[in-house]
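Heads up: the structure comes next, in structure tokens.
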Amino acid sequence: MNTFLLPDLGEGLTEAEIVRWLVKVGDVIAVDTPIAEVETAKSIVELPSPYAGVIEELHGEPGTTVPVGKPLITVGDPDGAAYRQEERAGSGNVLVGYGTDASTSSGRRRKPRSVVSGKKSAPVAENVPENKVPLVVSPVVRRLARDAEVDLRELTGSGEGGLIVRRDVEEAIAARLRTTQEPELVGSAPAGSGPVAAGAVGFGAAGSAGVGSGAAGAGAAGAGAAGAVAAGAVAARTGLPELRRVPMSGFRKAVVATLSRSRAEIPEATTWVDVDATALIELRESLRSATDSGPGLLALMARFVVAGLLKYPELNGYVDTEREELVQYDGVNLGLAAQTDRGLVVPAVAGAHALTTRGLDAEIRRLTGSARDGRLTQQELTCGTFTLNNYGSFGVDGSAAIINHPQVAILGVGRIIDRPWVVDGELAIRKLTQLSLVFDHRVCDGGTAAAFLRFVADAFENPASAFADL
């Protein structure tokens, strides 16, 4: 009998909330089988089990908050001897300070009667050829198969020793789509949810469309309907009955703490400018071809923002209040506000200053997909040095944003729409957008902030010339 305790999730986190169980009492699991999704103040993560056997007990219902070091599940040995999962390709664990111990890295596991891989048991027939056994090491692969309703028993692994890898599942999905003539491509985002839509209306001041973030750039829309409870009481101030009360999730608690700290500590100021983005749109279209979609619009914007931060590093740093020093970073980790089903998150492109525009585009697409799937790492959520927010994807023009503490500035991009504009003394219809920069007045004066904003605006208006200087 083994009890799996909630592991140390890193970043000083002391508890996690059970979002949903991926197993039930009586299920037989292998090492690294995902057993639960838990929500912390940083993100939602999938916990793989370090033990193999039969689930004897689940310690807590969905919505329960479990402290680090307290029991999650109890696992019994089904046959009197533990078996281990094949580990030659690595466990794929996503937790900081937690993983399968070294003793599981070699040797073959004994075949159990059934192995839980996600929502239901997947029986494994006896005397099945080894390359037919669904050896799935990565939790990401298991989740991909589960979400797409792919039966792993029907796949032949192309990895070492018959290991089922991501491409095997993706090929199975693609084959099914071709059969059903499904128009949506495998791995593609829903319409409007690609990288250009990665910006998000966040949690600003009351009545504003501001942008906020959680501690480390994570937000959430609250506990949701599942966590809501009917209130019934009548509010004394308004005389109206309460419709419901929704407990704050770990995400929301972090949002409250971080945004309150940002408002309390940072003497912020805002500057904005209208920009003719016609040439930027034209450049984006010119990069398309029949075989290559080219870098997305957000990647082009990111390229110019990064260049501006290298030129004006005052906006790419933080305030060390204890030592009374202004710190500037040697390099840029560009945060990108992204709205997901679970709320606002701000993952960062690490080392953005060292990437080409195509490299930025690839990384933005990867982060967007990870954000949508709830699979961002804590490092990706905490390492940002400056935030770019494309709130224009929500059809708004401006924002009274809140800086993502401990960063010192955030740049917002409004929607790009046709508007009348004077060009060479003549009235013309152009593609206009608005850029707004909120900055910490402790790190620089208005002149520096305006110079940075003007640099980015000029790059938007004359992108070809700007690229020539990069």
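In the structure tokens, the first chain shown is A, the next is B, and so on; residue numbers restart at 1 for each chain, and ligands run from 1 in the order shown.
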
- Task: Select from segment 19-73 of chain A everything DSSP, run on the backbone, classes as strand (DSSP E or B), then give the selection as a list in words.
- Result: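 Put together, the selection reads Val19, Arg20, Trp21, Val28, Ile29, Pro34, Ile35, Ala36, Glu37, Val38, Glu39, Ile44, Val45, Glu46, Leu47, Pro48, Gly53, Val54, Ile55, Glu56, Glu57, Leu58, Thr65, Val66, Pro67, Pro71, Leu72 and Ile73 of chain A.
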
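Non-sequential neighbours of segment 13-23 of chain A (distance at most 7 Å, separation of 6 or more positions within a chain, only C-alpha atoms) are A:Pro34, A:Ile35, A:Ala36, A:Glu37, A:Val38, A:Glu39, A:Thr40, A:Pro62, A:Gly63, A:Thr64, A:Thr65, A:Val66, A:Pro67, A:Val68, A:Gly118, A:Lys119.
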
- Selection: 8 Å around Asp397 of chain A, only C-alpha atoms, excl. self and same-chain fewer than 3 positions, as a PyMOL selection string: chain A and resi 391-392+413-415+433-434

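Among the candidates A:Pro313, A:Val141, A:Val256, A:Leu298, the one nearest to Glu363 of chain A when counting only C-alpha atoms is A:Leu298.
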
- Excluding Ala459 of chain A and residues on its chain fewer than 6 positions from it, collect all residues at most 9 Å away from it, counting only C-alpha atoms, and give them as an MDAnalysis selection string. chainID A and resid 280 301 304 465:467

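For the set A:Leu144, A:Leu360, A:Asn2, A:Arg237, the residue with the smallest atom-to-atom gap to Ile173 of chain A is A:Leu144, counting only C-alpha atoms.
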
- Task: Kindly indicate which residue among A:Pro463, A:Gly69, A:Gly317, A:Gly250 lies nearest to Arg303 of chain A, using only C-alpha atoms for the distances.
- Result: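 Smallest separation from Arg303 of chain A among the options: A:Pro463.
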
- Message: Just checking: using only C-alpha atoms, which residue out of A:Ala299, A:Val28, A:Val423, A:Ile417 ends up closest to Arg365 of chain A?
- Response: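 Closest to Arg365 of chain A of all the choices is A:Ala299.
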